[in-house]
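Dumped model_0.cif below, it's mmCIF, C-alpha atoms:
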```
data_query
#
loop_
_atom_site.group_PDB
_atom_site.id
_atom_site.type_symbol
_atom_site.label_atom_id
_atom_site.label_comp_id
_atom_site.auth_asym_id
_atom_site.auth_seq_id
_atom_site.Cartn_x
_atom_site.Cartn_y
_atom_site.Cartn_z
ATOM 1 C CA MET E 1 68.488 151.163 88.704
ATOM 2 C CA PRO E 2 67.254 150.996 92.310
ATOM 3 C CA SER E 3 69.854 150.601 95.036
ATOM 4 C CA TRP E 4 68.293 147.410 96.373
ATOM 5 C CA LEU E 5 68.586 145.813 92.924
ATOM 6 C CA LYS E 6 72.252 146.788 92.687
ATOM 7 C CA THR E 7 72.880 145.244 96.104
ATOM 8 C CA ALA E 8 71.086 142.050 95.109
ATOM 9 C CA LEU E 9 73.065 141.823 91.859
ATOM 10 C CA ASN E 10 76.308 142.354 93.762
ATOM 11 C CA TYR E 11 75.443 139.520 96.152
ATOM 12 C CA VAL E 12 74.535 137.230 93.255
ATOM 13 C CA LEU E 13 77.768 138.101 91.441
ATOM 14 C CA ALA E 14 79.799 137.513 94.596
ATOM 15 C CA GLY E 15 78.125 134.130 95.088
ATOM 16 C CA LEU E 16 78.844 133.127 91.488
ATOM 17 C CA LEU E 17 82.467 134.194 91.846
ATOM 18 C CA LEU E 18 82.778 132.143 95.042
ATOM 19 C CA LEU E 19 81.303 129.093 93.310
ATOM 20 C CA VAL E 20 83.724 129.495 90.403
ATOM 21 C CA ALA E 21 86.611 129.946 92.836
ATOM 22 C CA PHE E 22 85.670 126.814 94.787
ATOM 23 C CA PHE E 23 85.310 124.860 91.531
ATOM 24 C CA LEU E 24 88.734 126.003 90.316
ATOM 25 C CA ILE E 25 90.340 125.270 93.684
ATOM 26 C CA ASP E 26 88.796 121.796 93.687
ATOM 27 C CA LYS E 27 90.084 121.029 90.193
ATOM 28 C CA ILE E 28 93.483 122.600 90.788
ATOM 29 C CA SER E 29 93.883 120.799 94.111
ATOM 30 C CA GLU E 30 93.085 117.472 92.421
ATOM 31 C CA TYR E 31 95.790 118.017 89.802
ATOM 32 C CA PHE E 32 98.123 119.417 92.442
ATOM 33 C CA ILE E 33 97.717 116.309 94.608
ATOM 34 C CA ARG E 34 98.360 114.064 91.614
ATOM 35 C CA GLY E 35 101.455 116.011 90.640
ATOM 36 C CA PHE E 36 102.682 116.177 94.215
ATOM 37 C CA SER E 37 102.213 112.419 94.674
ATOM 38 C CA PHE E 38 104.286 111.913 91.522
ATOM 39 C CA VAL E 39 107.019 114.386 92.464
ATOM 40 C CA LEU E 40 107.259 113.510 96.175
ATOM 41 C CA PRO E 41 109.115 110.177 95.735
ATOM 42 C CA LEU E 42 111.624 112.000 93.530
ATOM 43 C CA ILE E 43 112.382 114.778 96.015
ATOM 44 C CA ILE E 44 112.332 112.696 99.222
ATOM 45 C CA PRO E 45 116.056 111.771 98.931
ATOM 46 C CA PHE E 46 116.985 115.441 98.610
ATOM 47 C CA ILE E 47 114.792 116.432 101.569
ATOM 48 C CA ILE E 48 116.527 113.743 103.618
ATOM 49 C CA ALA E 49 119.881 114.998 102.326
ATOM 50 C CA VAL E 50 119.168 118.583 103.425
ATOM 51 C CA PHE E 51 118.070 117.359 106.853
ATOM 52 C CA ILE E 52 121.181 115.185 107.305
ATOM 53 C CA SER E 53 123.474 117.982 106.091
ATOM 54 C CA PHE E 54 122.147 120.236 108.872
ATOM 55 C CA LEU E 55 122.744 117.434 111.381
ATOM 56 C CA LEU E 56 126.305 116.892 110.149
ATOM 57 C CA GLU E 57 127.285 120.558 110.049
ATOM 58 C CA PRO E 58 128.579 120.784 113.671
ATOM 59 C CA MET E 59 130.737 117.666 113.202
ATOM 60 C CA VAL E 60 132.020 118.955 109.859
ATOM 61 C CA CYS E 61 132.981 122.302 111.416
ATOM 62 C CA VAL E 62 134.820 120.543 114.264
ATOM 63 C CA LEU E 63 136.792 118.371 111.833
ATOM 64 C CA GLN E 64 137.613 121.397 109.702
ATOM 65 C CA ASN E 65 138.772 123.549 112.598
ATOM 66 C CA LYS E 66 140.372 120.966 114.907
ATOM 67 C CA ALA E 67 141.686 118.313 112.513
ATOM 68 C CA ARG E 68 142.476 120.803 109.711
ATOM 69 C CA LEU E 69 140.688 118.696 107.113
ATOM 70 C CA SER E 70 139.300 120.011 103.870
ATOM 71 C CA ARG E 71 135.568 120.511 103.543
ATOM 72 C CA GLY E 72 135.125 117.434 101.349
ATOM 73 C CA SER E 73 137.204 115.178 103.625
ATOM 74 C CA ALA E 74 135.396 116.414 106.738
ATOM 75 C CA VAL E 75 131.996 115.765 105.150
ATOM 76 C CA ALA E 76 133.022 112.282 103.966
ATOM 77 C CA LEU E 77 134.422 111.312 107.384
ATOM 78 C CA SER E 78 131.346 112.662 109.200
ATOM 79 C CA MET E 79 128.974 110.781 106.910
ATOM 80 C CA LEU E 80 130.975 107.562 107.209
ATOM 81 C CA THR E 81 130.937 107.795 111.004
ATOM 82 C CA LEU E 82 127.226 108.593 111.228
ATOM 83 C CA PHE E 83 126.008 105.983 108.743
ATOM 84 C CA SER E 84 128.275 103.260 110.127
ATOM 85 C CA PHE E 85 127.018 103.862 113.656
ATOM 86 C CA LEU E 86 123.345 104.072 112.679
ATOM 87 C CA GLY E 87 123.581 101.095 110.310
ATOM 88 C CA THR E 88 125.154 98.875 112.962
ATOM 89 C CA ILE E 89 122.642 99.859 115.647
ATOM 90 C CA ILE E 90 119.595 99.473 113.373
ATOM 91 C CA THR E 91 120.767 96.093 112.046
ATOM 92 C CA LEU E 92 121.354 94.682 115.528
ATOM 93 C CA LEU E 93 118.032 96.020 116.795
ATOM 94 C CA LEU E 94 116.103 94.589 113.841
ATOM 95 C CA LEU E 95 117.677 91.148 114.194
ATOM 96 C CA ARG E 96 116.973 91.030 117.928
ATOM 97 C CA LEU E 97 113.465 92.432 117.480
ATOM 98 C CA ILE E 98 112.547 89.863 114.816
ATOM 99 C CA THR E 99 113.848 87.059 117.049
ATOM 100 C CA GLU E 100 111.754 88.252 119.996
ATOM 101 C CA LEU E 101 108.628 88.719 117.880
ATOM 102 C CA ILE E 102 108.934 85.223 116.391
ATOM 103 C CA HIS E 103 109.220 83.759 119.876
ATOM 104 C CA LEU E 104 106.407 85.968 121.172
ATOM 105 C CA SER E 105 104.042 84.962 118.357
ATOM 106 C CA LYS E 106 104.597 81.311 119.295
ATOM 107 C CA THR E 107 104.039 81.832 123.031
ATOM 108 C CA VAL E 108 100.954 84.083 122.824
ATOM 109 C CA PRO E 109 98.495 81.124 122.675
ATOM 110 C CA TYR E 110 100.037 79.650 125.851
ATOM 111 C CA ILE E 111 99.863 83.027 127.603
ATOM 112 C CA ILE E 112 96.213 83.434 126.661
ATOM 113 C CA PHE E 113 95.524 79.850 127.779
ATOM 114 C CA ASP E 114 97.052 80.650 131.186
ATOM 115 C CA ILE E 115 94.859 83.746 131.451
ATOM 116 C CA GLN E 116 91.768 81.731 130.528
ATOM 117 C CA SER E 117 92.684 79.106 133.115
ATOM 118 C CA TRP E 118 93.094 81.805 135.743
ATOM 119 C CA VAL E 119 89.697 83.277 134.817
ATOM 120 C CA GLU E 120 88.027 79.865 135.022
ATOM 121 C CA ILE E 121 89.625 79.240 138.419
ATOM 122 C CA SER E 122 88.714 82.714 139.679
ATOM 123 C CA LEU E 123 85.104 82.686 138.473
ATOM 124 C CA PRO E 124 83.873 80.491 141.360
ATOM 125 C CA LYS E 125 85.460 82.916 143.835
ATOM 126 C CA PHE E 126 83.720 85.862 142.189
ATOM 127 C CA GLN E 127 80.480 83.913 142.140
ATOM 128 C CA ARG E 128 80.711 83.355 145.896
ATOM 129 C CA LEU E 129 81.330 87.045 146.423
ATOM 130 C CA TYR E 130 78.813 88.530 144.013
ATOM 131 C CA GLY E 131 76.329 85.732 143.610
ATOM 132 C CA GLU E 132 75.784 83.233 140.849
ATOM 133 C CA LEU E 133 76.672 84.695 137.455
ATOM 134 C CA PRO E 134 74.285 83.922 134.588
ATOM 135 C CA PRO E 135 75.623 81.405 132.058
ATOM 136 C CA GLY E 136 75.442 84.033 129.327
ATOM 137 C CA ILE E 137 77.913 86.284 131.155
ATOM 138 C CA THR E 138 80.330 83.402 131.735
ATOM 139 C CA ASP E 139 80.180 82.410 128.072
ATOM 140 C CA TYR E 140 80.628 86.037 127.046
ATOM 141 C CA ILE E 141 83.768 86.387 129.203
ATOM 142 C CA GLN E 142 85.302 83.229 127.749
ATOM 143 C CA GLN E 143 84.420 84.276 124.213
ATOM 144 C CA SER E 144 85.921 87.715 124.827
ATOM 145 C CA PHE E 145 89.212 86.169 125.931
ATOM 146 C CA ARG E 146 89.284 83.982 122.830
ATOM 147 C CA SER E 147 88.630 87.034 120.658
ATOM 148 C CA VAL E 148 91.375 89.013 122.410
ATOM 149 C CA ALA E 149 93.778 86.107 121.966
ATOM 150 C CA GLN E 150 93.021 85.832 118.262
ATOM 151 C CA THR E 151 93.298 89.596 117.757
ATOM 152 C CA LEU E 152 96.609 89.764 119.595
ATOM 153 C CA GLN E 153 98.001 86.820 117.672
ATOM 154 C CA ASN E 154 96.908 88.353 114.352
ATOM 155 C CA PHE E 155 98.464 91.679 115.328
ATOM 156 C CA LEU E 156 101.773 90.031 116.160
ATOM 157 C CA SER E 157 101.682 88.050 112.923
ATOM 158 C CA ILE E 158 101.027 91.199 110.896
ATOM 159 C CA THR E 159 103.818 93.050 112.713
ATOM 160 C CA LEU E 160 106.236 90.186 112.133
ATOM 161 C CA ASP E 161 105.275 89.940 108.462
ATOM 162 C CA SER E 162 105.771 93.694 108.085
ATOM 163 C CA LEU E 163 109.248 93.462 109.580
ATOM 164 C CA LEU E 164 110.111 90.507 107.392
ATOM 165 C CA ASN E 165 108.742 92.329 104.336
ATOM 166 C CA ILE E 166 111.369 94.992 104.922
ATOM 167 C CA PHE E 167 113.829 92.623 103.280
ATOM 168 C CA SER E 168 111.638 92.507 100.148
ATOM 169 C CA VAL E 169 111.948 96.281 99.639
ATOM 170 C CA ILE E 170 115.695 96.317 100.192
ATOM 171 C CA PRO E 171 116.459 97.322 96.545
ATOM 172 C CA GLY E 172 114.272 100.420 96.823
ATOM 173 C CA ILE E 173 115.708 101.262 100.232
ATOM 174 C CA ILE E 174 119.257 100.850 98.902
ATOM 175 C CA THR E 175 118.463 103.186 95.985
ATOM 176 C CA LEU E 176 117.005 105.760 98.387
ATOM 177 C CA ILE E 177 120.038 105.491 100.671
ATOM 178 C CA VAL E 178 122.539 105.810 97.804
ATOM 179 C CA VAL E 179 120.814 108.862 96.302
ATOM 180 C CA SER E 180 120.438 110.473 99.740
ATOM 181 C CA PHE E 181 124.070 109.660 100.533
ATOM 182 C CA LEU E 182 125.378 111.310 97.358
ATOM 183 C CA ALA E 183 123.021 114.283 97.691
ATOM 184 C CA THR E 184 124.052 114.766 101.320
ATOM 185 C CA TYR E 185 127.724 114.781 100.385
ATOM 186 C CA PHE E 186 127.405 117.354 97.610
ATOM 187 C CA ILE E 187 124.915 119.565 99.482
ATOM 188 C CA SER E 188 127.089 119.619 102.593
ATOM 189 C CA LYS E 189 130.338 119.999 100.641
ATOM 190 C CA ASP E 190 129.093 122.840 98.405
ATOM 191 C CA ARG E 191 126.887 124.461 101.014
ATOM 192 C CA ARG E 192 128.537 127.878 100.844
ATOM 193 C CA SER E 193 128.628 127.963 97.041
ATOM 194 C CA LEU E 194 124.960 126.960 96.900
ATOM 195 C CA ALA E 195 124.121 129.764 99.331
ATOM 196 C CA ARG E 196 126.039 132.299 97.216
ATOM 197 C CA GLN E 197 124.272 131.079 94.081
ATOM 198 C CA TRP E 198 120.901 131.468 95.809
ATOM 199 C CA VAL E 199 121.722 135.027 96.887
ATOM 200 C CA ARG E 200 122.841 135.839 93.347
ATOM 201 C CA LEU E 201 119.608 134.534 91.814
ATOM 202 C CA MET E 202 117.229 136.234 94.261
ATOM 203 C CA PRO E 203 116.588 140.009 94.379
ATOM 204 C CA ALA E 204 118.959 141.962 96.607
ATOM 205 C CA PRO E 205 117.261 142.090 100.019
ATOM 206 C CA TYR E 206 115.394 138.792 99.795
ATOM 207 C CA GLY E 207 118.205 136.339 99.144
ATOM 208 C CA GLU E 208 120.054 136.849 102.424
ATOM 209 C CA GLN E 209 116.816 137.267 104.376
ATOM 210 C CA SER E 210 115.403 133.991 103.054
ATOM 211 C CA LEU E 211 118.649 132.191 103.893
ATOM 212 C CA HIS E 212 118.543 133.644 107.397
ATOM 213 C CA VAL E 213 114.922 132.507 107.856
ATOM 214 C CA ILE E 214 115.704 129.012 106.523
ATOM 215 C CA LYS E 215 118.724 128.763 108.811
ATOM 216 C CA GLU E 216 116.749 129.837 111.879
ATOM 217 C CA VAL E 217 113.785 127.554 111.117
ATOM 218 C CA PHE E 218 115.956 124.523 110.399
ATOM 219 C CA GLY E 219 118.118 125.277 113.422
ATOM 220 C CA ALA E 220 115.103 125.418 115.729
ATOM 221 C CA PHE E 221 113.629 122.278 114.157
ATOM 222 C CA ILE E 222 116.901 120.365 114.458
ATOM 223 C CA SER E 223 117.278 121.481 118.089
ATOM 224 C CA TYR E 224 113.743 120.302 118.861
ATOM 225 C CA ILE E 225 114.336 116.942 117.155
ATOM 226 C CA LYS E 226 117.627 116.521 119.034
ATOM 227 C CA ALA E 227 116.019 117.317 122.388
ATOM 228 C CA GLN E 228 113.101 114.955 121.779
ATOM 229 C CA GLY E 229 115.420 112.261 120.466
ATOM 230 C CA ILE E 230 117.691 112.514 123.504
ATOM 231 C CA LEU E 231 114.773 112.322 125.958
ATOM 232 C CA VAL E 232 113.095 109.413 124.162
ATOM 233 C CA SER E 233 116.420 107.585 123.737
ATOM 234 C CA ILE E 234 117.273 107.933 127.433
ATOM 235 C CA SER E 235 113.820 106.690 128.490
ATOM 236 C CA THR E 236 113.995 103.812 126.000
ATOM 237 C CA MET E 237 117.475 102.746 127.109
ATOM 238 C CA ILE E 238 116.511 102.921 130.795
ATOM 239 C CA SER E 239 113.398 100.834 130.077
ATOM 240 C CA ILE E 240 115.310 98.202 128.075
ATOM 241 C CA ILE E 241 118.130 97.949 130.628
ATOM 242 C CA GLY E 242 115.672 97.789 133.532
ATOM 243 C CA LEU E 243 113.635 95.063 131.846
ATOM 244 C CA TYR E 244 116.783 93.052 131.147
ATOM 245 C CA VAL E 245 117.939 93.484 134.758
ATOM 246 C CA ILE E 246 114.685 92.144 136.231
ATOM 247 C CA GLY E 247 114.759 89.262 133.767
ATOM 248 C CA ALA E 248 111.650 90.180 131.796
ATOM 249 C CA ASP E 249 110.996 88.368 128.550
ATOM 250 C CA TYR E 250 110.987 90.368 125.314
ATOM 251 C CA ALA E 251 112.818 93.258 126.982
ATOM 252 C CA LEU E 252 113.848 94.860 123.691
ATOM 253 C CA THR E 253 110.356 94.670 122.184
ATOM 254 C CA MET E 254 108.701 96.130 125.278
ATOM 255 C CA GLY E 255 111.418 98.769 125.684
ATOM 256 C CA LEU E 256 111.046 99.946 122.078
ATOM 257 C CA LEU E 257 107.257 99.964 122.462
ATOM 258 C CA ILE E 258 107.593 102.066 125.612
ATOM 259 C CA GLY E 259 109.950 104.447 123.802
ATOM 260 C CA PHE E 260 107.472 104.753 120.935
ATOM 261 C CA LEU E 261 104.614 105.532 123.330
ATOM 262 C CA ILE E 262 106.705 108.062 125.248
ATOM 263 C CA SER E 263 107.177 110.060 122.036
ATOM 264 C CA PHE E 264 103.479 111.019 122.217
ATOM 265 C CA PRO E 265 102.953 114.203 124.281
ATOM 266 C CA SER E 266 99.938 112.846 126.182
ATOM 267 C CA TRP E 267 101.702 109.616 127.137
ATOM 268 C CA GLY E 268 104.357 109.107 129.778
ATOM 269 C CA PRO E 269 106.568 106.346 131.159
ATOM 270 C CA ALA E 270 104.215 105.714 134.093
ATOM 271 C CA ARG E 271 101.304 104.702 131.859
ATOM 272 C CA SER E 272 103.552 102.363 129.892
ATOM 273 C CA PHE E 273 104.489 100.443 133.039
ATOM 274 C CA CYS E 274 100.926 100.116 134.368
ATOM 275 C CA PRO E 275 100.518 96.545 132.996
ATOM 276 C CA GLY E 276 103.781 95.577 134.695
ATOM 277 C CA TRP E 277 102.612 96.999 137.999
ATOM 278 C CA ALA E 278 99.230 95.280 137.711
ATOM 279 C CA GLY E 279 100.683 91.908 136.689
ATOM 280 C CA PRO E 280 101.916 90.785 140.142
ATOM 281 C CA LEU E 281 98.422 91.340 141.545
ATOM 282 C CA PHE E 282 97.317 88.168 139.779
ATOM 283 C CA PRO E 283 98.143 84.868 141.468
ATOM 284 C CA GLY E 284 101.010 82.915 140.013
ATOM 285 C CA THR E 285 102.683 85.952 138.456
ATOM 286 C CA PRO E 286 106.343 86.573 139.404
ATOM 287 C CA PRO E 287 106.950 89.970 141.060
ATOM 288 C CA LEU E 288 108.885 91.676 138.265
ATOM 289 C CA ALA E 289 107.331 95.144 138.605
#
```

Please express the file's structure as structure tokens.
Amino acid sequence: MPSWLKTALNYVLAGLLLLVAFFLIDKISEYFIRGFSFVLPLIIPFIIAVFISFLLEPMVCVLQNKARLSRGSAVALSMLTLFSFLGTIITLLLLRLITELIHLSKTVPYIIFDIQSWVEISLPKFQRLYGELPPGITDYIQQSFRSVAQTLQNFLSITLDSLLNIFSVIPGIITLIVVSFLATYFISKDRRSLARQWVRLMPAPYGEQSLHVIKEVFGAFISYIKAQGILVSISTMISIIGLYVIGADYALTMGLLIGFLISFPSWGPARSFCPGWAGPLFPGTPPLA
């Protein structure tokens, strides 16, 4: 057989093998996604439990060493402290946030009406400066403001409905919390025995090495989350307190929105306050910036 024919056959065979491989990967990935979507809700509580157990470990060690508590008592006290604190804070924030959003959704039409009135008053001034504007442009500006008003009002309504719908999924949330709570307790309490069991099941050099890798990766991830959480929390608290001090309406809503935007790497506190700095430039706006 000529060499060129062998080369051509090899290329054809390689292409067929690639097509078969892509077909198998496509089919396997479809079944894998289906299975993963079925299994994911079942393993989410345990993933949360592992994450919380790593967060609680420093507090558990302190209670064990300083207060001389047993491992189970230290874990239970740490979990009770953490969940009580977080539950109280989240409940108070949600109640205040819902109150502000309800009030904001009612006042948005009046705010938009004030903006439209300001535009209608300012249009003659702009016309004197830049000449007579065509009627089409004036109508387009007014229509744009109406569209923005409707969009903003719909967005606030959807956000408010989403927050209120949280109460409709309370049974599922309670189930998730209970399962995560129990899993966190047993994972944190039996952490050393679980590690020994893992080392016993794995081949000799790989058990301890895998535990070391998992510990380092989770430790770095937890440290990163803590650092980001501290920075975002400080910026959010400063924003909320500052907005309350200057007497701004909806201080909690705007402060939480600023904190959410700050969590994005390309966004900073300065950009979040740009609307507040630009607001006093308009006539009739109180100098809150």

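The space between atom CA of E:Val12 and atom CA of E:Phe32 spans 29.6 Å.
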
Could you list, as a VMD selection string, every residue within 12 Å of E:Gly242, counting only C-alpha atoms and ignoring same-chain residues fewer than 3 positions away? chain E and resid 234 to 239 245 to 249 251 to 252 254 to 255 273 288 to 289

Residue subset to file, keeping C-alpha atoms, as a PDB file, keeping the file's coordinate frame:
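Saved the output as out_27.pdb:
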```
ATOM      1  CA  ILE E 234     117.273 107.933 127.433  1.00  0.00           C
ATOM      2  CA  SER E 235     113.820 106.690 128.490  1.00  0.00           C
ATOM      3  CA  THR E 236     113.995 103.812 126.000  1.00  0.00           C
ATOM      4  CA  MET E 237     117.475 102.746 127.109  1.00  0.00           C
ATOM      5  CA  ILE E 238     116.511 102.921 130.795  1.00  0.00           C
ATOM      6  CA  SER E 239     113.398 100.834 130.077  1.00  0.00           C
ATOM      7  CA  VAL E 245     117.939  93.484 134.758  1.00  0.00           C
ATOM      8  CA  ILE E 246     114.685  92.144 136.231  1.00  0.00           C
ATOM      9  CA  GLY E 247     114.759  89.262 133.767  1.00  0.00           C
ATOM     10  CA  ALA E 248     111.650  90.180 131.796  1.00  0.00           C
ATOM     11  CA  ASP E 249     110.996  88.368 128.550  1.00  0.00           C
ATOM     12  CA  ALA E 251     112.818  93.258 126.982  1.00  0.00           C
ATOM     13  CA  LEU E 252     113.848  94.860 123.691  1.00  0.00           C
ATOM     14  CA  MET E 254     108.701  96.130 125.278  1.00  0.00           C
ATOM     15  CA  GLY E 255     111.418  98.769 125.684  1.00  0.00           C
ATOM     16  CA  PHE E 273     104.489 100.443 133.039  1.00  0.00           C
ATOM     17  CA  LEU E 288     108.885  91.676 138.265  1.00  0.00           C
ATOM     18  CA  ALA E 289     107.331  95.144 138.605  1.00  0.00           C
TER      19      ALA E 289
END
```

Neighbour residues at most 12 Å from (114.5, 114.1, 100.5) (all atoms listed in the file) as a list in words: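 Those within range, by chain then number, are Val39, Leu40, Pro41, Leu42, Ile43, Ile44, Pro45, Phe46, Ile47, Ile48, Ala49, Val50, Phe51, Ile52, Ser53, Leu176, Ile177, Val178, Val179, Ser180, Phe181, Leu182, Ala183, Thr184 and Ile187 of chain E.
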
For the residues selected in the previous step, produce a file with C-alpha atoms as a PDB file, in the coordinates of the input.
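Result written to result.pdb:
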```
ATOM      1  CA  VAL E  39     107.019 114.386  92.464  1.00  0.00           C
ATOM      2  CA  LEU E  40     107.259 113.510  96.175  1.00  0.00           C
ATOM      3  CA  PRO E  41     109.115 110.177  95.735  1.00  0.00           C
ATOM      4  CA  LEU E  42     111.624 112.000  93.530  1.00  0.00           C
ATOM      5  CA  ILE E  43     112.382 114.778  96.015  1.00  0.00           C
ATOM      6  CA  ILE E  44     112.332 112.696  99.222  1.00  0.00           C
ATOM      7  CA  PRO E  45     116.056 111.771  98.931  1.00  0.00           C
ATOM      8  CA  PHE E  46     116.985 115.441  98.610  1.00  0.00           C
ATOM      9  CA  ILE E  47     114.792 116.432 101.569  1.00  0.00           C
ATOM     10  CA  ILE E  48     116.527 113.743 103.618  1.00  0.00           C
ATOM     11  CA  ALA E  49     119.881 114.998 102.326  1.00  0.00           C
ATOM     12  CA  VAL E  50     119.168 118.583 103.425  1.00  0.00           C
ATOM     13  CA  PHE E  51     118.070 117.359 106.853  1.00  0.00           C
ATOM     14  CA  ILE E  52     121.181 115.185 107.305  1.00  0.00           C
ATOM     15  CA  SER E  53     123.474 117.982 106.091  1.00  0.00           C
ATOM     16  CA  LEU E 176     117.005 105.760  98.387  1.00  0.00           C
ATOM     17  CA  ILE E 177     120.038 105.491 100.671  1.00  0.00           C
ATOM     18  CA  VAL E 178     122.539 105.810  97.804  1.00  0.00           C
ATOM     19  CA  VAL E 179     120.814 108.862  96.302  1.00  0.00           C
ATOM     20  CA  SER E 180     120.438 110.473  99.740  1.00  0.00           C
ATOM     21  CA  PHE E 181     124.070 109.660 100.533  1.00  0.00           C
ATOM     22  CA  LEU E 182     125.378 111.310  97.358  1.00  0.00           C
ATOM     23  CA  ALA E 183     123.021 114.283  97.691  1.00  0.00           C
ATOM     24  CA  THR E 184     124.052 114.766 101.320  1.00  0.00           C
ATOM     25  CA  ILE E 187     124.915 119.565  99.482  1.00  0.00           C
TER      26      ILE E 187
END
```

Report, in Å to a single decimal, how far apart atom CA of E:Ser263 and atom CA of E:Val232 are. 6.3 Å

Using atom CA of E:Met59 and atom CA of E:Tyr224 as the two end points, give the distance in Å to one decimal. 18.1 Å

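For the set E:Leu104, E:Val217, E:Val199, E:Leu194, the residue with the smallest atom-to-atom gap to E:Thr253 is E:Leu104, counting all atoms listed in the file.
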
Evaluating the PyMOL selection byres ((chain E and resi 55) around 12) on the displayed file yields which residues, as a list in words? Ile48, Ala49, Val50, Phe51, Ile52, Ser53, Phe54, Leu56, Glu57, Pro58, Met59, Val60, Cys61, Val75, Ser78, Met79, Leu82, Thr184, Ser188, Phe218, Gly219, Ala220, Phe221, Ile222, Ser223, Ile225 and Lys226 of chain E

Writing out the chosen residues with C-alpha atoms as an mmCIF file, in the frame of the given file:
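File produced: part-v6.cif:
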```
data_model
loop_
_atom_site.group_PDB
_atom_site.id
_atom_site.type_symbol
_atom_site.label_atom_id
_atom_site.label_comp_id
_atom_site.auth_asym_id
_atom_site.auth_seq_id
_atom_site.Cartn_x
_atom_site.Cartn_y
_atom_site.Cartn_z
ATOM 1 C CA ILE E 48 116.527 113.743 103.618
ATOM 2 C CA ALA E 49 119.881 114.998 102.326
ATOM 3 C CA VAL E 50 119.168 118.583 103.425
ATOM 4 C CA PHE E 51 118.070 117.359 106.853
ATOM 5 C CA ILE E 52 121.181 115.185 107.305
ATOM 6 C CA SER E 53 123.474 117.982 106.091
ATOM 7 C CA PHE E 54 122.147 120.236 108.872
ATOM 8 C CA LEU E 56 126.305 116.892 110.149
ATOM 9 C CA GLU E 57 127.285 120.558 110.049
ATOM 10 C CA PRO E 58 128.579 120.784 113.671
ATOM 11 C CA MET E 59 130.737 117.666 113.202
ATOM 12 C CA VAL E 60 132.020 118.955 109.859
ATOM 13 C CA CYS E 61 132.981 122.302 111.416
ATOM 14 C CA VAL E 75 131.996 115.765 105.150
ATOM 15 C CA SER E 78 131.346 112.662 109.200
ATOM 16 C CA MET E 79 128.974 110.781 106.910
ATOM 17 C CA LEU E 82 127.226 108.593 111.228
ATOM 18 C CA THR E 184 124.052 114.766 101.320
ATOM 19 C CA SER E 188 127.089 119.619 102.593
ATOM 20 C CA PHE E 218 115.956 124.523 110.399
ATOM 21 C CA GLY E 219 118.118 125.277 113.422
ATOM 22 C CA ALA E 220 115.103 125.418 115.729
ATOM 23 C CA PHE E 221 113.629 122.278 114.157
ATOM 24 C CA ILE E 222 116.901 120.365 114.458
ATOM 25 C CA SER E 223 117.278 121.481 118.089
ATOM 26 C CA ILE E 225 114.336 116.942 117.155
ATOM 27 C CA LYS E 226 117.627 116.521 119.034
#
```

Centre, edges in Å (one decimal): axis-aligned box, stretch 56-65 of chain E, 6 Å padding on all six sides, as AutoDock Vina command-line options:
```
--center_x 132.5 --center_y 120.2 --center_z 112.0 --size_x 24.5 --size_y 18.7 --size_z 16.6
```
